[in-house]
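A.B. asks: Contents of my_file.pdb (PDB, N, CA and C atoms):
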```pdb
MODEL        1
ATOM      1  N   MET I   1     -12.771  -2.964  -8.101
ATOM      2  CA  MET I   1     -11.608  -2.150  -8.407
ATOM      3  C   MET I   1     -10.476  -3.034  -8.903
ATOM      4  N   ALA I   2      -9.641  -2.458  -9.711
ATOM      5  CA  ALA I   2      -8.518  -3.201 -10.272
ATOM      6  C   ALA I   2      -7.489  -3.535  -9.198
ATOM      7  N   THR I   3      -7.410  -2.711  -8.179
ATOM      8  CA  THR I   3      -6.438  -2.955  -7.117
ATOM      9  C   THR I   3      -6.762  -4.239  -6.362
ATOM     10  N   ILE I   4      -8.027  -4.468  -6.108
ATOM     11  CA  ILE I   4      -8.438  -5.662  -5.369
ATOM     12  C   ILE I   4      -8.125  -6.913  -6.184
ATOM     13  N   THR I   5      -8.454  -6.888  -7.471
ATOM     14  CA  THR I   5      -8.200  -8.072  -8.296
ATOM     15  C   THR I   5      -6.707  -8.317  -8.459
ATOM     16  N   THR I   6      -5.927  -7.255  -8.559
ATOM     17  CA  THR I   6      -4.475  -7.419  -8.659
ATOM     18  C   THR I   6      -3.910  -8.014  -7.380
ATOM     19  N   ALA I   7      -4.372  -7.550  -6.245
ATOM     20  CA  ALA I   7      -3.895  -8.080  -4.966
ATOM     21  C   ALA I   7      -4.335  -9.535  -4.788
ATOM     22  N   GLU I   8      -5.552  -9.862  -5.241
ATOM     23  CA  GLU I   8      -6.000 -11.257  -5.175
ATOM     24  C   GLU I   8      -5.109 -12.151  -6.017
ATOM     25  N   GLU I   9      -4.784 -11.691  -7.215
ATOM     26  CA  GLU I   9      -3.922 -12.480  -8.096
ATOM     27  C   GLU I   9      -2.527 -12.646  -7.495
ATOM     28  N   MET I  10      -2.009 -11.583  -6.870
ATOM     29  CA  MET I  10      -0.715 -11.687  -6.191
ATOM     30  C   MET I  10      -0.782 -12.711  -5.067
ATOM     31  N   GLY I  11      -1.894 -12.696  -4.330
ATOM     32  CA  GLY I  11      -2.053 -13.648  -3.242
ATOM     33  C   GLY I  11      -2.113 -15.081  -3.732
ATOM     34  N   LEU I  12      -2.796 -15.305  -4.832
ATOM     35  CA  LEU I  12      -2.880 -16.663  -5.381
ATOM     36  C   LEU I  12      -1.524 -17.137  -5.895
ATOM     37  N   ARG I  13      -0.764 -16.231  -6.476
ATOM     38  CA  ARG I  13       0.590 -16.607  -6.924
ATOM     39  C   ARG I  13       1.497 -16.893  -5.740
ATOM     40  N   ALA I  14       1.307 -16.148  -4.657
ATOM     41  CA  ALA I  14       2.104 -16.407  -3.451
ATOM     42  C   ALA I  14       1.754 -17.766  -2.866
ATOM     43  N   LEU I  15       0.477 -18.153  -2.948
ATOM     44  CA  LEU I  15       0.084 -19.471  -2.457
ATOM     45  C   LEU I  15       0.700 -20.580  -3.296
ATOM     46  N   ASP I  16       0.936 -20.315  -4.584
ATOM     47  CA  ASP I  16       1.619 -21.297  -5.428
ATOM     48  C   ASP I  16       3.038 -21.555  -4.943
ATOM     49  N   PHE I  17       3.669 -20.509  -4.374
ATOM     50  CA  PHE I  17       5.009 -20.650  -3.815
ATOM     51  C   PHE I  17       4.983 -21.053  -2.340
ATOM     52  N   LYS I  18       3.812 -21.424  -1.845
ATOM     53  CA  LYS I  18       3.592 -21.878  -0.467
ATOM     54  C   LYS I  18       3.895 -20.795   0.560
ATOM     55  N   ILE I  19       3.582 -19.555   0.219
ATOM     56  CA  ILE I  19       3.694 -18.442   1.155
ATOM     57  C   ILE I  19       2.316 -18.245   1.767
ATOM     58  N   LYS I  20       2.227 -18.364   3.077
ATOM     59  CA  LYS I  20       0.930 -18.285   3.743
ATOM     60  C   LYS I  20       0.783 -17.056   4.629
ATOM     61  N   LYS I  21       1.902 -16.497   5.093
ATOM     62  CA  LYS I  21       1.862 -15.317   5.958
ATOM     63  C   LYS I  21       2.660 -14.201   5.307
ATOM     64  N   VAL I  22       2.179 -12.973   5.486
ATOM     65  CA  VAL I  22       2.785 -11.822   4.821
ATOM     66  C   VAL I  22       2.910 -10.665   5.801
ATOM     67  N   HIS I  23       4.022  -9.948   5.730
ATOM     68  CA  HIS I  23       4.203  -8.673   6.433
ATOM     69  C   HIS I  23       4.041  -7.584   5.376
ATOM     70  N   LEU I  24       3.108  -6.674   5.560
ATOM     71  CA  LEU I  24       2.859  -5.624   4.580
ATOM     72  C   LEU I  24       3.503  -4.318   5.009
ATOM     73  N   VAL I  25       4.175  -3.654   4.074
ATOM     74  CA  VAL I  25       4.752  -2.341   4.297
ATOM     75  C   VAL I  25       4.242  -1.436   3.189
ATOM     76  N   PHE I  26       3.483  -0.405   3.566
ATOM     77  CA  PHE I  26       2.934   0.533   2.602
ATOM     78  C   PHE I  26       3.736   1.815   2.636
ATOM     79  N   ARG I  27       4.044   2.345   1.461
ATOM     80  CA  ARG I  27       4.707   3.645   1.346
ATOM     81  C   ARG I  27       3.815   4.555   0.548
ATOM     82  N   GLY I  28       3.626   5.746   1.017
ATOM     83  CA  GLY I  28       2.782   6.707   0.327
ATOM     84  C   GLY I  28       1.330   6.573   0.745
ATOM     85  N   GLY I  29       0.601   7.630   0.581
ATOM     86  CA  GLY I  29      -0.800   7.619   0.973
ATOM     87  C   GLY I  29      -1.698   7.236  -0.180
ATOM     88  N   GLY I  30      -2.955   7.101   0.112
ATOM     89  CA  GLY I  30      -3.911   6.814  -0.951
ATOM     90  C   GLY I  30      -4.961   5.822  -0.506
ATOM     91  N   ARG I  31      -5.993   5.743  -1.307
ATOM     92  CA  ARG I  31      -7.095   4.850  -0.960
ATOM     93  C   ARG I  31      -6.823   3.414  -1.395
ATOM     94  N   PHE I  32      -5.728   3.181  -2.098
ATOM     95  CA  PHE I  32      -5.458   1.857  -2.625
ATOM     96  C   PHE I  32      -4.865   0.915  -1.586
ATOM     97  N   GLN I  33      -4.439   1.445  -0.460
ATOM     98  CA  GLN I  33      -3.876   0.592   0.583
ATOM     99  C   GLN I  33      -4.924  -0.363   1.125
ATOM    100  N   ARG I  34      -6.110   0.151   1.424
ATOM    101  CA  ARG I  34      -7.173  -0.707   1.953
ATOM    102  C   ARG I  34      -7.625  -1.721   0.922
ATOM    103  N   ALA I  35      -7.677  -1.311  -0.332
ATOM    104  CA  ALA I  35      -8.097  -2.225  -1.395
ATOM    105  C   ALA I  35      -7.091  -3.356  -1.562
ATOM    106  N   ALA I  36      -5.810  -3.048  -1.490
ATOM    107  CA  ALA I  36      -4.787  -4.086  -1.589
ATOM    108  C   ALA I  36      -4.877  -5.041  -0.409
ATOM    109  N   LEU I  37      -5.122  -4.504   0.766
ATOM    110  CA  LEU I  37      -5.270  -5.340   1.954
ATOM    111  C   LEU I  37      -6.477  -6.269   1.813
ATOM    112  N   ARG I  38      -7.592  -5.733   1.316
ATOM    113  CA  ARG I  38      -8.797  -6.546   1.105
ATOM    114  C   ARG I  38      -8.548  -7.663   0.104
ATOM    115  N   GLY I  39      -7.838  -7.357  -0.956
ATOM    116  CA  GLY I  39      -7.555  -8.364  -1.973
ATOM    117  C   GLY I  39      -6.685  -9.488  -1.448
ATOM    118  N   LEU I  40      -5.694  -9.145  -0.628
ATOM    119  CA  LEU I  40      -4.841 -10.197  -0.057
ATOM    120  C   LEU I  40      -5.611 -11.059   0.929
ATOM    121  N   VAL I  41      -6.502 -10.460   1.695
ATOM    122  CA  VAL I  41      -7.293 -11.225   2.658
ATOM    123  C   VAL I  41      -8.256 -12.155   1.920
ATOM    124  N   ARG I  42      -8.795 -11.690   0.802
ATOM    125  CA  ARG I  42      -9.700 -12.526   0.009
ATOM    126  C   ARG I  42      -9.011 -13.755  -0.567
ATOM    127  N   SER I  43      -7.717 -13.650  -0.814
ATOM    128  CA  SER I  43      -6.991 -14.766  -1.410
ATOM    129  C   SER I  43      -6.450 -15.733  -0.353
ATOM    130  N   LYS I  44      -6.954 -15.627   0.872
ATOM    131  CA  LYS I  44      -6.646 -16.553   1.974
ATOM    132  C   LYS I  44      -5.197 -16.460   2.454
ATOM    133  N   ILE I  45      -4.600 -15.280   2.344
ATOM    134  CA  ILE I  45      -3.256 -15.071   2.882
ATOM    135  C   ILE I  45      -3.395 -14.355   4.211
ATOM    136  N   GLN I  46      -2.651 -14.833   5.195
ATOM    137  CA  GLN I  46      -2.724 -14.256   6.528
ATOM    138  C   GLN I  46      -1.764 -13.068   6.620
ATOM    139  N   VAL I  47      -2.290 -11.895   6.953
ATOM    140  CA  VAL I  47      -1.481 -10.690   7.099
ATOM    141  C   VAL I  47      -1.081 -10.590   8.566
ATOM    142  N   THR I  48       0.223 -10.757   8.839
ATOM    143  CA  THR I  48       0.681 -10.787  10.227
ATOM    144  C   THR I  48       0.951  -9.389  10.776
ATOM    145  N   SER I  49       1.479  -8.488   9.939
ATOM    146  CA  SER I  49       1.718  -7.129  10.417
ATOM    147  C   SER I  49       1.513  -6.151   9.272
ATOM    148  N   LEU I  50       1.172  -4.941   9.649
ATOM    149  CA  LEU I  50       0.917  -3.884   8.678
ATOM    150  C   LEU I  50       1.650  -2.637   9.134
ATOM    151  N   VAL I  51       2.574  -2.151   8.294
ATOM    152  CA  VAL I  51       3.373  -0.979   8.625
ATOM    153  C   VAL I  51       3.143   0.067   7.545
ATOM    154  N   VAL I  52       2.863   1.301   7.959
ATOM    155  CA  VAL I  52       2.691   2.401   7.015
ATOM    156  C   VAL I  52       3.888   3.323   7.162
ATOM    157  N   LYS I  53       4.725   3.386   6.121
ATOM    158  CA  LYS I  53       5.922   4.225   6.137
ATOM    159  C   LYS I  53       5.757   5.385   5.181
ATOM    160  N   THR I  54       4.778   6.213   5.445
ATOM    161  CA  THR I  54       4.547   7.373   4.599
ATOM    162  C   THR I  54       5.486   8.492   5.042
ATOM    163  N   LEU I  55       6.257   9.009   4.106
ATOM    164  CA  LEU I  55       7.198  10.069   4.429
ATOM    165  C   LEU I  55       6.452  11.387   4.550
ATOM    166  N   VAL I  56       6.691  12.083   5.640
ATOM    167  CA  VAL I  56       6.041  13.370   5.885
ATOM    168  C   VAL I  56       7.127  14.434   5.914
ATOM    169  N   PRO I  57       7.024  15.473   5.072
ATOM    170  CA  PRO I  57       8.052  16.514   5.086
ATOM    171  C   PRO I  57       7.978  17.333   6.379
ATOM    172  N   TYR I  58       9.127  17.733   6.884
ATOM    173  CA  TYR I  58       9.158  18.502   8.125
ATOM    174  C   TYR I  58       8.692  19.924   7.889
ATOM    175  N   ASN I  59       9.310  20.613   6.925
ATOM    176  CA  ASN I  59       8.927  21.995   6.653
ATOM    177  C   ASN I  59       8.278  22.151   5.283
ATOM    178  N   GLY I  60       8.300  21.132   4.495
ATOM    179  CA  GLY I  60       7.689  21.214   3.181
ATOM    180  C   GLY I  60       8.569  21.948   2.182
ATOM    181  N   CYS I  61       8.027  22.230   1.018
ATOM    182  CA  CYS I  61       8.758  22.935  -0.035
ATOM    183  C   CYS I  61       8.799  24.427   0.254
ATOM    184  N   ARG I  62       9.783  25.062  -0.320
ATOM    185  CA  ARG I  62       9.897  26.506  -0.158
ATOM    186  C   ARG I  62       8.844  27.184  -1.024
ATOM    187  N   ILE I  63       8.144  28.162  -0.461
ATOM    188  CA  ILE I  63       7.086  28.830  -1.207
ATOM    189  C   ILE I  63       7.720  29.843  -2.170
ATOM    190  N   LYS I  64       7.020  30.127  -3.271
ATOM    191  CA  LYS I  64       7.530  31.047  -4.265
ATOM    192  C   LYS I  64       7.453  32.480  -3.758
ATOM    193  N   LYS I  65       8.335  33.329  -4.297
ATOM    194  CA  LYS I  65       8.287  34.739  -3.938
ATOM    195  C   LYS I  65       7.021  35.367  -4.493
ATOM    196  N   LYS I  66       6.479  36.323  -3.751
ATOM    197  CA  LYS I  66       5.305  37.029  -4.233
ATOM    198  C   LYS I  66       5.689  37.983  -5.352
ATOM    199  N   ARG I  67       4.826  38.097  -6.321
ATOM    200  CA  ARG I  67       5.072  38.946  -7.471
ATOM    201  C   ARG I  67       4.837  40.413  -7.079
ATOM    202  N   ARG I  68       5.800  41.245  -7.429
ATOM    203  CA  ARG I  68       5.667  42.679  -7.155
ATOM    204  C   ARG I  68       5.166  43.389  -8.393
ATOM    205  N   ILE I  69       4.165  44.205  -8.240
ATOM    206  CA  ILE I  69       3.617  44.945  -9.377
ATOM    207  C   ILE I  69       3.849  46.422  -9.196
TER     208      ILE I  69
ENDMDL
END
```
So that I can check it, write out the structure of this file as structure tokens.
C.D. replies:
Amino acid sequence: MATITTAEEMGLRALDFKIKKVHLVFRGGGRFQRAALRGLVRSKIQVTSLVVKTLVPYNGCRIKKKRRI
């Protein structure tokens, strides 16, 4: 997947700046979170914490009025 290779490349660039430990904060849902995590682990970066800050609506959007015929 492209997400894994992108995360690996990010990890290698971080190693160039001598960054060895990372705190990850994910926003939004999706299957790409695990892929990004896998890519960073493959690039030998230590993930110290993982926080998921997905916003959940309390009541959601207002539903449309029903059409009267």
A.B. asks: Within 6 Å of I:Gly29, counting only N, CA and C atoms, which residues show up once you throw out same-chain ones fewer than 2 positions away? Write them as a PyMOL selection string, please.
C.D. replies: chain I and resi 27+31+54
A.B. asks: Using only C-alpha atoms, collect all residues at a distance of at most 12 Å from (-12.7, 1.4, -10.5) as written in the file, then present them as number ranges by chain.
C.D. replies: I: 1-5, 31-32, 35
A.B. asks: As a list in words, please: all residues of chain I that backbone DSSP puts in strand (DSSP E).
C.D. replies: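 Going through chain I, the strand (DSSP E) residues come out as Lys21, Val22, His23, Leu24, Val25, Phe26, Gln46, Val47, Thr48, Ser49, Leu50, Val51 and Val52 of chain I.
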A.B. asks: Rounded to one decimal, what separation in Å do you get between atom N of I:Lys21 and atom CA of I:Gln46?
C.D. replies: 5.3 Å
A.B. asks: Quick one: residues within 6 Å of I:Ala7, all atoms listed in the file, excluding same-chain residues fewer than 6 positions away - as a VMD selection string?
C.D. replies: chain I and resid 36 39 to 40
A.B. asks: Give me, please, the distance in Å between atom CA of I:Gln33 and atom N of I:Val52, quoted to one decimal.
C.D. replies: 10.0 Å
A.B. asks: How many Å separate atom CA of I:Gly11 from atom CA of I:Val41?
C.D. replies: 8.3 Å
A.B. asks: Nearest residue to I:Leu55 out of I:Phe26, I:Lys20, I:Arg13, I:Ile69, using all atoms listed in the file?
C.D. replies: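 Using all atoms listed in the file, the shortest distance to I:Leu55 belongs to I:Phe26.
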A.B. asks: As a check of understanding, name the residues that the PyMOL selection byres (((chain I and resi 48 and name CA) around 6) and name CA) selects in the supplied structure, as a ChimeraX atom specification.
C.D. replies: /I:22-23,47,49
A.B. asks: Take the residues just selected and output them with N, CA and C atoms as a short mmCIF file (atom, residue, chain, number, x, y, z; two decimals), in the frame of the given file.
C.D. replies:
```cif
data_model
loop_
_atom_site.label_atom_id
_atom_site.label_comp_id
_atom_site.auth_asym_id
_atom_site.auth_seq_id
_atom_site.Cartn_x
_atom_site.Cartn_y
_atom_site.Cartn_z
N VAL I 22 2.18 -12.97 5.49
CA VAL I 22 2.78 -11.82 4.82
C VAL I 22 2.91 -10.66 5.80
N HIS I 23 4.02 -9.95 5.73
CA HIS I 23 4.20 -8.67 6.43
C HIS I 23 4.04 -7.58 5.38
N VAL I 47 -2.29 -11.90 6.95
CA VAL I 47 -1.48 -10.69 7.10
C VAL I 47 -1.08 -10.59 8.57
N SER I 49 1.48 -8.49 9.94
CA SER I 49 1.72 -7.13 10.42
C SER I 49 1.51 -6.15 9.27
#
```
A.B. asks: Please extract the residues of chain I with a backbone DSSP assignment of alpha helix (DSSP H) and present them as a list in words.
C.D. replies: Ala2, Thr3, Ile4, Thr5, Thr6, Ala7, Glu8, Glu9, Met10, Gly11, Leu12, Arg13, Ala14, Leu15, Asp16, Phe32, Gln33, Arg34, Ala35, Ala36, Leu37, Arg38, Gly39, Leu40, Val41 and Arg42 of chain I
A.B. asks: Skip I:Leu12 itself and residues of its chain fewer than 3 positions away, then list as a ChimeraX atom specification all residues within 9 Å of it, counting only C-alpha atoms.
C.D. replies: /I:7-9,15-17,40,43-45
A.B. asks: Taking all atoms listed in the file into account, which of I:Ile19, I:Gly28, I:Arg67, I:Arg34 comes nearest I:Lys53?
C.D. replies: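 The closest residue to I:Lys53 is I:Gly28.
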A.B. asks: Nearest residue to I:Leu24 out of I:Leu37, I:Val56, I:Cys61, I:Leu50, using only N, CA and C atoms?
C.D. replies: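 Ranking I:Leu37, I:Val56, I:Cys61, I:Leu50 by distance to I:Leu24, first place goes to I:Leu50.
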